[in-house]
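J.: Got a file for you: final-v5.txt, compact mmCIF, C-alpha atoms.
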```txt
# COMPACT_ATOMS: atom_id res chain seq x y z
CA MET A 855 0.00 0.00 0.00
CA ARG A 856 3.05 2.18 0.55
CA GLU A 857 3.40 2.89 -3.19
CA LEU A 858 -0.22 4.12 -3.38
CA LEU A 859 0.03 6.89 -0.80
CA ASN A 860 0.87 9.80 -3.12
CA ASP A 861 -2.04 9.12 -5.44
CA ILE A 862 -4.41 8.44 -2.56
CA ASP A 863 -3.46 11.75 -0.96
CA ARG A 864 -4.11 13.55 -4.24
CA TRP A 865 -7.53 11.90 -4.55
CA LYS A 866 -8.33 12.71 -0.96
CA ALA A 867 -7.38 16.35 -1.55
CA GLN A 868 -9.81 16.35 -4.49
CA GLY A 869 -12.52 14.97 -2.22
CA LYS A 870 -12.84 11.71 -4.15
CA GLN A 871 -14.33 8.60 -2.63
CA ILE A 872 -11.75 5.81 -2.60
CA ALA A 873 -11.82 2.04 -2.13
CA VAL A 874 -8.71 -0.01 -1.36
CA ALA A 875 -8.40 -3.70 -2.31
CA ARG A 876 -5.72 -5.77 -0.61
CA VAL A 877 -4.61 -9.34 -1.19
CA VAL A 878 -5.15 -11.05 2.17
CA ASP A 879 -4.53 -14.67 1.22
CA ILE A 880 -3.32 -16.82 -1.66
CA GLU A 881 -4.07 -20.52 -2.18
CA GLY A 882 -1.74 -22.28 -4.54
CA SER A 883 0.36 -19.99 -6.64
CA GLY A 884 -0.57 -16.35 -6.93
CA PRO A 885 1.08 -13.54 -8.82
CA ARG A 886 1.17 -11.15 -5.86
CA ASP A 887 1.71 -11.89 -2.17
CA PRO A 888 -0.60 -10.89 0.68
CA GLY A 889 -0.31 -7.16 1.24
CA ALA A 890 -0.36 -6.27 -2.47
CA ALA A 891 -2.88 -3.47 -2.91
CA MET A 892 -4.71 -1.36 -5.43
CA ALA A 893 -6.97 1.63 -5.03
CA VAL A 894 -9.94 2.76 -7.08
CA ASN A 895 -11.61 6.18 -6.92
CA GLU A 896 -15.24 7.06 -7.65
CA ASP A 897 -14.33 7.96 -11.25
CA GLY A 898 -12.94 4.48 -11.84
CA GLU A 899 -9.30 5.59 -11.83
CA VAL A 900 -6.98 2.80 -10.68
CA ILE A 901 -3.55 2.66 -9.05
CA GLY A 902 -1.54 -0.38 -7.93
CA SER A 903 -2.26 -4.01 -8.67
CA VAL A 904 -3.32 -7.19 -6.89
CA SER A 905 -2.45 -9.76 -9.56
CA GLY A 906 -0.60 -9.89 -12.81
CA GLY A 907 -3.50 -8.08 -14.45
CA CYS A 908 -5.83 -11.11 -14.30
CA VAL A 909 -8.46 -9.85 -11.89
CA GLU A 910 -8.00 -6.07 -11.77
CA GLY A 911 -10.98 -5.41 -14.03
CA ALA A 912 -13.30 -7.37 -11.80
CA VAL A 913 -11.87 -5.68 -8.70
CA VAL A 914 -12.63 -2.24 -10.13
CA ALA A 915 -16.23 -3.34 -10.74
CA GLU A 916 -16.52 -4.63 -7.15
CA ALA A 917 -14.91 -1.49 -5.73
CA LEU A 918 -17.23 0.83 -7.66
CA ALA A 919 -20.23 -1.25 -6.58
CA ILE A 920 -19.16 -0.75 -2.97
CA LEU A 921 -18.59 3.00 -3.38
CA ASN A 922 -21.91 3.46 -5.20
CA GLY A 923 -23.78 1.06 -2.92
CA ASP A 924 -23.85 0.30 0.78
CA LYS A 925 -20.16 1.20 1.39
CA GLN A 926 -19.69 -2.06 3.24
CA PRO A 927 -16.28 -3.75 3.10
CA LYS A 928 -16.28 -7.10 1.37
CA LEU A 929 -14.14 -10.22 1.17
CA VAL A 930 -13.99 -11.56 -2.39
CA LYS A 931 -12.31 -14.55 -3.95
CA PHE A 932 -11.08 -15.06 -7.49
CA GLY A 933 -9.58 -18.17 -8.94
CA TYR A 934 -9.57 -21.20 -11.08
CA SER A 935 -12.20 -23.06 -9.07
CA ASP A 936 -14.62 -20.14 -9.25
CA ASP A 937 -17.59 -19.91 -11.57
CA GLU A 938 -16.08 -16.60 -12.53
CA ALA A 939 -12.92 -18.35 -13.63
CA PHE A 940 -13.56 -17.86 -17.31
CA ALA A 941 -14.23 -14.20 -16.82
CA VAL A 942 -11.36 -13.28 -14.52
CA GLY A 943 -9.41 -16.50 -13.90
CA LEU A 944 -5.84 -16.47 -12.70
CA THR A 945 -3.57 -17.97 -15.31
CA CYS A 946 -1.44 -19.54 -12.58
CA GLY A 947 -4.34 -21.65 -11.26
CA GLY A 948 -4.25 -20.22 -7.76
CA ILE A 949 -7.00 -18.65 -5.70
CA ILE A 950 -6.69 -15.08 -4.52
CA HIS A 951 -8.61 -13.65 -1.55
CA LEU A 952 -9.10 -9.91 -1.58
CA PHE A 953 -10.51 -7.53 0.98
CA ILE A 954 -12.09 -4.46 -0.55
CA GLN A 955 -12.81 -1.55 1.76
CA PRO A 956 -13.83 2.08 1.36
CA LEU A 957 -11.05 4.35 2.61
CA THR A 958 -13.04 6.02 5.35
CA TRP A 959 -10.57 5.26 8.14
CA MET B 660 -5.38 12.35 13.17
CA THR B 661 -7.12 9.55 11.33
CA LEU B 662 -5.65 6.06 11.16
CA TYR B 663 -4.86 6.70 7.51
CA GLU B 664 -2.90 9.84 8.38
CA LEU B 665 -0.97 8.05 11.12
CA PHE B 666 -0.29 5.17 8.77
CA SER B 667 0.82 7.42 5.95
CA GLU B 668 3.09 9.48 8.20
CA ARG B 669 4.88 6.44 9.64
CA THR B 670 5.17 4.68 6.31
CA ARG B 671 6.70 7.73 4.68
CA ALA B 672 9.21 7.95 7.52
CA ASN B 673 10.12 4.29 6.84
CA LYS B 674 9.12 3.36 10.37
CA PRO B 675 7.55 -0.03 11.05
CA VAL B 676 3.74 0.06 11.22
CA ALA B 677 1.01 -2.53 10.85
CA LEU B 678 -2.69 -2.44 10.12
CA ALA B 679 -4.89 -5.16 11.62
CA THR B 680 -8.25 -5.28 9.85
CA VAL B 681 -11.29 -7.45 10.57
CA ILE B 682 -11.98 -9.07 7.21
CA ASP B 683 -14.65 -11.51 8.37
CA GLY B 684 -16.96 -11.72 11.39
CA PRO B 685 -18.41 -9.07 13.70
CA ASN B 686 -17.24 -5.49 13.00
CA ILE B 687 -15.96 -6.26 9.52
CA GLY B 688 -13.74 -3.40 8.35
CA ALA B 689 -12.74 -2.36 11.90
CA MET B 690 -9.04 -1.51 12.14
CA LEU B 691 -6.20 -1.32 14.61
CA LEU B 692 -2.97 0.52 13.86
CA VAL B 693 0.02 -1.00 15.63
CA THR B 694 3.53 0.40 16.04
CA PRO B 695 6.40 -1.10 18.06
CA ASN B 696 6.39 -0.26 21.77
CA GLU B 697 3.43 2.10 21.56
CA ALA B 698 -0.26 1.79 22.40
CA ALA B 699 -2.35 0.64 19.44
CA GLN B 700 -4.73 3.14 17.81
CA GLY B 701 -8.30 2.38 16.78
CA THR B 702 -10.38 -0.60 17.88
CA LEU B 703 -11.72 -3.90 16.57
CA GLY B 704 -14.76 -3.53 18.82
CA ASN B 705 -13.59 -5.35 21.95
CA ALA B 706 -10.85 -4.32 24.38
CA GLU B 707 -9.54 -7.85 24.95
CA LEU B 708 -9.56 -8.61 21.22
CA ASP B 709 -7.64 -5.35 20.69
CA ARG B 710 -5.04 -6.36 23.29
CA VAL B 711 -4.49 -9.86 21.84
CA VAL B 712 -4.41 -8.70 18.22
CA ALA B 713 -2.05 -5.81 19.08
CA ARG B 714 0.28 -8.30 20.77
CA ASP B 715 0.25 -10.70 17.81
CA THR B 716 0.69 -7.81 15.40
CA GLN B 717 3.80 -6.66 17.28
CA GLY B 718 5.20 -10.15 16.70
CA GLU B 719 4.38 -10.02 12.99
CA LEU B 720 6.01 -6.60 12.73
CA GLU B 721 9.19 -7.91 14.33
CA ALA B 722 9.18 -10.82 11.91
CA GLY B 723 8.16 -8.59 8.97
CA ARG B 724 5.29 -10.94 8.16
CA THR B 725 1.81 -10.40 6.74
CA SER B 726 -0.85 -12.96 7.70
CA VAL B 727 -4.47 -13.76 8.48
CA ARG B 728 -5.27 -14.84 12.05
CA HIS B 729 -8.39 -16.21 13.67
CA TYR B 730 -9.84 -15.12 17.01
CA GLY B 731 -13.00 -15.33 19.06
CA PRO B 732 -14.97 -12.07 19.41
CA GLU B 733 -13.23 -11.47 22.76
CA GLY B 734 -9.77 -12.37 21.57
CA GLN B 735 -9.93 -16.09 22.27
CA THR B 736 -7.16 -17.99 20.52
CA THR B 737 -7.22 -21.59 21.74
CA PRO B 738 -9.27 -24.09 19.70
CA GLU B 739 -11.39 -25.07 22.75
CA ASP B 740 -12.38 -21.44 23.34
CA LEU B 741 -13.29 -20.99 19.69
CA VAL B 742 -15.94 -23.71 19.61
CA ASN B 743 -19.46 -22.25 19.23
CA THR B 744 -18.28 -18.67 18.85
CA PRO B 745 -18.27 -16.63 15.67
CA THR B 746 -14.77 -16.40 14.22
CA VAL B 747 -13.16 -13.04 13.72
CA ARG B 748 -10.64 -13.20 10.88
CA VAL B 749 -8.04 -10.48 11.12
CA PHE B 750 -5.70 -9.52 8.30
CA ILE B 751 -2.38 -8.31 9.68
CA ASP B 752 -0.65 -6.15 7.10
CA ALA B 753 2.83 -5.49 8.46
CA PHE B 754 5.02 -2.84 6.91
CA SER B 755 8.60 -3.50 7.97
CA PRO B 756 11.56 -4.69 5.98
CA PRO B 757 12.21 -8.38 6.72
CA PRO B 758 15.05 -9.05 9.16
CA THR B 759 18.29 -10.27 7.63
CA MET B 760 20.23 -13.40 8.54
CA VAL B 761 23.81 -13.47 7.33
CA ILE B 762 25.22 -16.99 7.30
CA PHE B 763 28.98 -17.34 6.91
CA GLY B 764 30.19 -20.65 5.55
CA ALA B 765 28.74 -22.66 2.68
CA VAL B 766 28.42 -25.96 4.55
CA ASP B 767 25.67 -28.58 5.04
CA PHE B 768 24.43 -26.78 8.13
CA THR B 769 24.00 -23.66 6.03
CA SER B 770 21.29 -25.01 3.76
CA ALA B 771 19.27 -26.35 6.72
CA LEU B 772 19.64 -23.04 8.57
CA ALA B 773 18.74 -21.03 5.47
CA ARG B 774 15.57 -23.12 5.06
CA VAL B 775 14.44 -22.63 8.66
CA ALA B 776 15.32 -18.93 8.51
CA LYS B 777 13.12 -18.55 5.41
CA VAL B 778 10.21 -20.12 7.29
CA LEU B 779 10.70 -17.44 9.95
CA GLY B 780 10.62 -14.68 7.34
CA TYR B 781 14.32 -13.74 7.15
CA HIS B 782 16.06 -12.30 4.15
CA VAL B 783 18.85 -14.89 3.99
CA LEU B 784 22.34 -14.05 2.79
CA VAL B 785 24.96 -16.82 2.49
CA CYS B 786 28.60 -15.78 2.31
CA ASP B 787 31.73 -17.85 1.69
CA ALA B 788 35.02 -16.98 0.01
CA ARG B 789 35.15 -20.29 -1.88
CA GLU B 790 33.26 -19.89 -5.14
CA VAL B 791 33.01 -23.66 -5.69
CA PHE B 792 30.84 -23.93 -2.59
CA ALA B 793 29.04 -20.60 -2.45
CA THR B 794 26.66 -21.13 -5.36
CA LYS B 795 22.99 -20.33 -5.80
CA ARG B 796 22.57 -23.92 -6.97
CA ARG B 797 23.67 -25.28 -3.62
CA PHE B 798 21.57 -22.75 -1.70
CA PRO B 799 18.47 -22.12 -3.81
CA MET B 800 16.55 -21.08 -0.68
CA ALA B 801 18.93 -18.22 0.07
CA ASP B 802 17.96 -14.75 -1.15
CA GLU B 803 21.59 -13.92 -1.88
CA VAL B 804 24.74 -16.02 -2.18
CA LEU B 805 27.90 -13.93 -2.07
CA VAL B 806 31.42 -15.08 -2.83
CA THR B 807 33.45 -12.71 -0.70
CA TRP B 808 35.31 -12.28 2.59
CA PRO B 809 33.68 -11.00 5.79
CA ALA B 810 35.44 -7.60 5.80
CA PRO B 811 34.11 -6.34 2.44
CA LEU B 812 30.67 -7.72 3.23
CA PHE B 813 30.49 -5.85 6.55
CA ALA B 814 31.92 -2.73 4.92
CA GLU B 815 29.00 -2.78 2.51
CA ARG B 816 26.13 -4.08 4.68
CA GLY B 817 27.23 -3.78 8.30
CA ALA B 818 25.67 -0.38 8.96
CA GLN B 819 22.25 -1.69 7.94
CA LEU B 820 22.21 -4.53 10.48
CA THR B 821 19.94 -3.94 13.50
CA GLN B 822 18.67 -5.71 16.60
CA ARG B 823 16.21 -7.66 14.44
CA ASP B 824 18.98 -9.18 12.33
CA ALA B 825 21.25 -12.16 12.96
CA VAL B 826 24.75 -13.24 11.98
CA CYS B 827 25.52 -16.97 12.11
CA ILE B 828 29.11 -18.02 11.59
CA LEU B 829 29.24 -21.68 10.63
CA THR B 830 32.79 -21.92 9.26
CA HIS B 831 35.29 -23.64 11.51
CA ASP B 832 38.15 -21.98 9.73
CA PRO B 833 39.96 -19.35 11.81
CA LYS B 834 41.05 -17.36 8.78
CA PHE B 835 37.39 -16.85 7.93
CA ASP B 836 35.57 -16.88 11.26
CA VAL B 837 37.88 -14.48 13.11
CA PRO B 838 37.24 -11.63 10.61
CA ALA B 839 33.56 -12.61 10.54
CA VAL B 840 33.26 -12.28 14.33
CA VAL B 841 35.27 -9.05 14.38
CA GLY B 842 33.10 -7.64 11.58
CA ALA B 843 29.84 -8.67 13.27
CA LEU B 844 30.93 -7.17 16.61
CA ALA B 845 31.38 -3.81 14.94
CA THR B 846 27.66 -3.76 14.01
CA ASN B 847 24.44 -3.40 16.03
CA VAL B 848 23.25 -6.85 14.96
CA GLY B 849 21.00 -8.44 17.59
CA TYR B 850 22.43 -11.96 17.47
CA ILE B 851 25.88 -13.32 16.75
CA GLY B 852 26.18 -17.11 16.85
CA VAL B 853 29.43 -18.95 16.18
CA MET B 854 29.58 -22.68 15.52
CA GLY B 855 32.21 -24.96 16.95
CA SER B 856 32.90 -27.28 19.88
CA ARG B 857 33.83 -25.81 23.26
CA LYS B 858 37.44 -26.67 22.45
CA THR B 859 37.25 -24.87 19.08
CA HIS B 860 35.63 -21.91 20.77
CA ALA B 861 38.32 -21.71 23.45
CA LYS B 862 41.00 -21.55 20.75
CA ARG B 863 38.97 -19.01 18.82
CA ILE B 864 38.69 -16.77 21.87
CA GLU B 865 42.50 -16.66 22.05
CA ARG B 866 42.67 -15.57 18.41
CA LEU B 867 39.91 -13.01 18.89
CA ILE B 868 41.70 -11.47 21.86
CA GLU B 869 44.85 -11.31 19.72
CA ALA B 870 42.75 -9.51 17.10
CA GLY B 871 41.82 -6.91 19.72
CA VAL B 872 38.36 -8.13 20.79
CA THR B 873 37.53 -7.11 24.38
CA ASP B 874 36.03 -9.32 27.13
CA GLU B 875 32.85 -7.25 27.00
CA GLN B 876 32.50 -7.83 23.27
CA LEU B 877 33.03 -11.57 23.76
CA LEU B 878 29.88 -11.61 25.90
CA ARG B 879 27.84 -10.83 22.77
CA LEU B 880 28.89 -14.10 21.13
CA MET B 881 26.61 -17.11 21.36
CA SER B 882 29.17 -19.88 21.05
CA PRO B 883 28.88 -22.81 20.90
CA ILE B 884 25.86 -21.80 18.85
CA GLY B 885 22.29 -22.87 19.61
CA LEU B 886 20.00 -24.07 22.40
CA ASP B 887 20.89 -27.20 24.35
CA ILE B 888 18.23 -29.48 22.83
CA GLY B 889 20.56 -32.31 21.86
CA ALA B 890 20.49 -31.41 18.16
CA ARG B 891 22.62 -33.68 15.93
CA THR B 892 21.60 -33.27 12.29
CA PRO B 893 21.92 -30.01 10.30
CA GLU B 894 18.14 -29.61 10.44
CA GLU B 895 17.96 -30.13 14.21
CA THR B 896 20.86 -27.74 14.64
CA ALA B 897 19.06 -25.15 12.51
CA ILE B 898 16.04 -25.41 14.84
CA SER B 899 18.30 -25.08 17.86
CA ILE B 900 19.95 -21.94 16.41
CA CYS B 901 16.66 -20.31 15.41
CA GLY B 902 15.17 -21.22 18.81
CA GLU B 903 18.09 -19.44 20.44
CA ILE B 904 17.61 -16.36 18.23
CA ILE B 905 13.94 -16.13 19.23
CA ALA B 906 14.74 -16.68 22.91
CA ARG B 907 17.46 -13.99 22.87
CA ARG B 908 15.10 -11.56 21.16
CA THR B 909 12.31 -12.15 23.66
CA GLY B 910 14.71 -12.31 26.60
CA ARG B 911 13.70 -15.80 27.66
CA GLY B 912 15.84 -18.55 29.14
CA ALA B 913 14.11 -21.08 26.85
CA PRO B 914 13.03 -23.77 29.31
CA SER B 915 10.04 -25.99 28.47
CA LEU B 916 6.64 -24.35 28.94
CA ARG B 917 5.50 -27.37 30.95
CA ASP B 918 8.14 -26.76 33.57
CA GLY B 919 7.26 -23.12 34.16
CA ASP B 920 4.18 -21.17 35.18
CA GLY B 921 2.62 -17.84 34.29
CA PRO B 922 1.23 -16.73 30.95
CA ILE B 923 2.55 -18.30 27.72
CA HIS B 924 2.51 -14.90 26.02
CA LYS B 925 3.42 -11.58 27.57
```
Can I see the file as C-alpha cells?
T.:
Amino acid sequence: MRELLNDIDRWKAQGKQIAVARVVDIEGSGPRDPGAAMAVNEDGEVIGSVSGGCVEGAVVAEALAILNGDKQPKLVKFGYSDDEAFAVGLTCGGIIHLFIQPLTW
Amino acid sequence: MTLYELFSERTRANKPVALATVIDGPNIGAMLLVTPNEAAQGTLGNAELDRVVARDTQGELEAGRTSVRHYGPEGQTTPEDLVNTPTVRVFIDAFSPPPTMVIFGAVDFTSALARVAKVLGYHVLVCDAREVFATKRRFPMADEVLVTWPAPLFAERGAQLTQRDAVCILTHDPKFDVPAVVGALATNVGYIGVMGSRKTHAKRIERLIEAGVTDEQLLRLMSPIGLDIGARTPEETAISICGEIIARRTGRGAPSLRDGDGPIHK
C-alpha cells in the first residue's frame, strides 16, 4: 500500500471517494503476495495491482459497486475453481482472496 | 489524526507500522494501527480482542510478516475457546523490511539453517570466500549467495544490520571466522552465533583477543551456537539456532513451557 500513498493523498485532496483492495490470502500460486494493494476512486481511476492483471478489471467493478452502494467492506475470492474463472481466472491456477474496503478510516 | 494519516506518516518515515483489519466476522472493516512499543490506535470492537491482536501484530512486525489470524470475538485464541463462537478473521498487514540473517560458511548446516530462517521470514544471505561452494545452486533457498570475505561484506552491509537481524558463523576456519566475528561485533546486529565445539571456541577466543576483541565484546557471542536441545543433524541444529535467536530476542531462558508457570505470552 506504501506505493499508493501519493495518489491516494491527491484523490483525498480532491474529495474523491476511494476504495482499497488488498490481497489477504493466496491458495496455490498467486502472482502477488498478501499485502499487495490497489486503489480505485469514484471515477474508476486505478492505481496499484493485486495480480498480474488477471483480476484487476473485476476488482474495479466490485470497488465501484461498494462506493456506489452500501459502502460495506467485502471479502472476495477469485480463482480457477470459481464460476467466474472464465471471466477473470488467474492464469497460474491459484486462488486469490481480496478484501475491498472504502477508505473512510 | 485519522488512522490513515498516522499510517501514511509512519510509512513515509520508513518506520515499522502494521494495520490489523477485521476481514470476516463481527465489525468487519474495523481496524487497529500498531507500532512497536506504543499503544495501538483504533479498535476492533472489543478491548480484549484489541489487546491480543495488538500483541500478535507486534510479533508479525518484528518478523516482517503479513498474515491472516483467527480469534474469538473477545480475543480467544485456543481451539477449545473458539468452539461455538463466531470467528473473527483479522488480516495483519505489516510494513517493515524483513530481518536479515547473514550466514557465513557454505556448509551442510548452512542449507538447513537457510531453510528454517526462510520459514521465519528472514532475508537470507549466504557468504563464503570459496566460489566452488558458495553457489545459488547449492543454496536455492537463500535470497543472496555472495562469494566474498567478511570484511568487504560488513563494509558494505554492516551499517544496515539492526537488533532484528542475525549473523551466524558456521565456518570452523579461523582465517574466515575471526574476521567474521570481528566484523559482526562492529555492528548493532542483535544476534551473533558462532559454531564450533567448546574446544574450538576456546582456541577461537585466544585468536579473537589477539585480534583486539575485548572481554565485554566476547559476551555478545553465542558460542557454541544454539540451544541445548541435543540437536545432531543439520536440520535439528538449525532449529536449535533459530530457537536461540527467538529466545534472545524475547529475553527468555528457553526452558520448556511445561516446567514453568505464568502466561505463555506476555
J.: Quick one: residues within 6 Å of Phe754 in chain B, all atoms listed in the file counted, chain neighbours fewer than 2 positions away excluded, as a PDB file with C-alpha atoms, keeping the file's coordinate frame?
T.:
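Resulting contents of selection.pdb:
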```
ATOM      1  CA  PRO B 675       7.550  -0.030  11.050  1.00  0.00           C
ATOM      2  CA  VAL B 676       3.740   0.060  11.220  1.00  0.00           C
ATOM      3  CA  ALA B 677       1.010  -2.530  10.850  1.00  0.00           C
TER       4      ALA B 677
END
```
J.: Please find the residues of chain B near chain A - the criterion being any atom within 12 Å, counting all atoms listed in the file - and write them as a ChimeraX atom specification.
T.: /B:660-684,686-692,700-702,723-728,748-755
J.: So the first atom is CA of Glu881 in chain A and the second is CA of Ile950 in chain A; what is the distance between them in Å, to one decimal place?
T.: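 Those two atoms sit 6.5 Å apart.
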J.: Looking at all atoms listed in the file, which of A:Asp924, A:Leu918, A:Arg886, A:Ala867 is the one that sits closest to Glu899 in chain A?
T.: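 Smallest distance to Glu899 in chain A is found for A:Leu918.
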J.: Applying 12 Å and all atoms listed in the file, which residues near Ala915 in chain A remain after dropping the ones on its own chain fewer than 2 positions away? List them as number ranges by chain.
T.: A: 873, 875, 893-900, 909-913, 917-923, 930, 942, 954
J.: Could you tell me how far CA of Asp787 in chain B sits from CA of Val804 in chain B, in Å to one decimal place?
T.: 8.2 Å
J.: Would you mind telling me which residue in A:Val874, A:His951, A:Ile862, A:Phe932 lies nearest to Val914 in chain A when using only C-alpha atoms?
T.: A:Val874
J.: Using the incomplete input, complete range 859-885 of chain A to the level of N, CA and C atoms; output as a short mmCIF file (atom, residue, chain, number, x, y, z; two decimals), in the coordinates of the input.
T.:
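The resulting file, out16.cif, is reproduced below:
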```cif
data_model
loop_
_atom_site.label_atom_id
_atom_site.label_comp_id
_atom_site.auth_asym_id
_atom_site.auth_seq_id
_atom_site.Cartn_x
_atom_site.Cartn_y
_atom_site.Cartn_z
N LEU A 859 0.35 5.75 -1.67
CA LEU A 859 0.03 6.89 -0.80
C LEU A 859 -0.06 8.23 -1.52
N ASN A 860 0.88 8.50 -2.44
CA ASN A 860 0.87 9.80 -3.12
C ASN A 860 -0.41 10.01 -3.90
N ASP A 861 -0.81 8.99 -4.65
CA ASP A 861 -2.04 9.12 -5.44
C ASP A 861 -3.27 9.20 -4.53
N ILE A 862 -3.27 8.40 -3.48
CA ILE A 862 -4.41 8.44 -2.56
C ILE A 862 -4.54 9.84 -1.95
N ASP A 863 -3.42 10.40 -1.54
CA ASP A 863 -3.46 11.75 -0.96
C ASP A 863 -4.03 12.77 -1.95
N ARG A 864 -3.61 12.63 -3.20
CA ARG A 864 -4.11 13.55 -4.24
C ARG A 864 -5.62 13.39 -4.39
N TRP A 865 -6.08 12.14 -4.43
CA TRP A 865 -7.53 11.90 -4.55
C TRP A 865 -8.28 12.44 -3.34
N LYS A 866 -7.68 12.23 -2.18
CA LYS A 866 -8.33 12.71 -0.96
C LYS A 866 -8.45 14.24 -1.01
N ALA A 867 -7.37 14.89 -1.46
CA ALA A 867 -7.38 16.35 -1.55
C ALA A 867 -8.47 16.82 -2.52
N GLN A 868 -8.77 16.00 -3.53
CA GLN A 868 -9.81 16.35 -4.49
C GLN A 868 -11.20 15.96 -3.99
N GLY A 869 -11.24 15.36 -2.81
CA GLY A 869 -12.52 14.97 -2.22
C GLY A 869 -13.14 13.73 -2.83
N LYS A 870 -12.32 12.92 -3.49
CA LYS A 870 -12.84 11.71 -4.15
C LYS A 870 -13.11 10.61 -3.12
N GLN A 871 -14.14 9.82 -3.39
CA GLN A 871 -14.33 8.60 -2.63
C GLN A 871 -13.36 7.55 -3.16
N ILE A 872 -12.80 6.76 -2.23
CA ILE A 872 -11.75 5.81 -2.60
C ILE A 872 -12.04 4.45 -1.96
N ALA A 873 -11.78 3.39 -2.71
CA ALA A 873 -11.82 2.04 -2.13
C ALA A 873 -10.45 1.41 -2.32
N VAL A 874 -10.01 0.67 -1.29
CA VAL A 874 -8.71 -0.01 -1.36
C VAL A 874 -8.96 -1.51 -1.34
N ALA A 875 -8.32 -2.23 -2.28
CA ALA A 875 -8.40 -3.70 -2.31
C ALA A 875 -7.03 -4.25 -1.96
N ARG A 876 -7.01 -5.18 -1.00
CA ARG A 876 -5.72 -5.77 -0.61
C ARG A 876 -5.78 -7.29 -0.72
N VAL A 877 -4.71 -7.89 -1.20
CA VAL A 877 -4.61 -9.34 -1.19
C VAL A 877 -4.40 -9.76 0.26
N VAL A 878 -5.31 -10.61 0.79
CA VAL A 878 -5.15 -11.05 2.17
C VAL A 878 -4.68 -12.50 2.24
N ASP A 879 -4.94 -13.26 1.18
CA ASP A 879 -4.53 -14.67 1.22
C ASP A 879 -4.41 -15.21 -0.20
N ILE A 880 -3.53 -16.17 -0.37
CA ILE A 880 -3.32 -16.82 -1.66
C ILE A 880 -3.36 -18.33 -1.42
N GLU A 881 -4.13 -19.05 -2.22
CA GLU A 881 -4.07 -20.52 -2.18
C GLU A 881 -3.42 -20.97 -3.46
N GLY A 882 -2.48 -21.88 -3.35
CA GLY A 882 -1.74 -22.28 -4.54
C GLY A 882 -0.83 -21.14 -4.95
N SER A 883 -0.54 -21.07 -6.24
CA SER A 883 0.36 -19.99 -6.64
C SER A 883 -0.45 -18.76 -6.98
N GLY A 884 0.08 -17.62 -6.62
CA GLY A 884 -0.57 -16.35 -6.93
C GLY A 884 0.47 -15.38 -7.40
N PRO A 885 0.09 -14.46 -8.26
CA PRO A 885 1.08 -13.54 -8.82
C PRO A 885 1.58 -12.51 -7.81
#
```
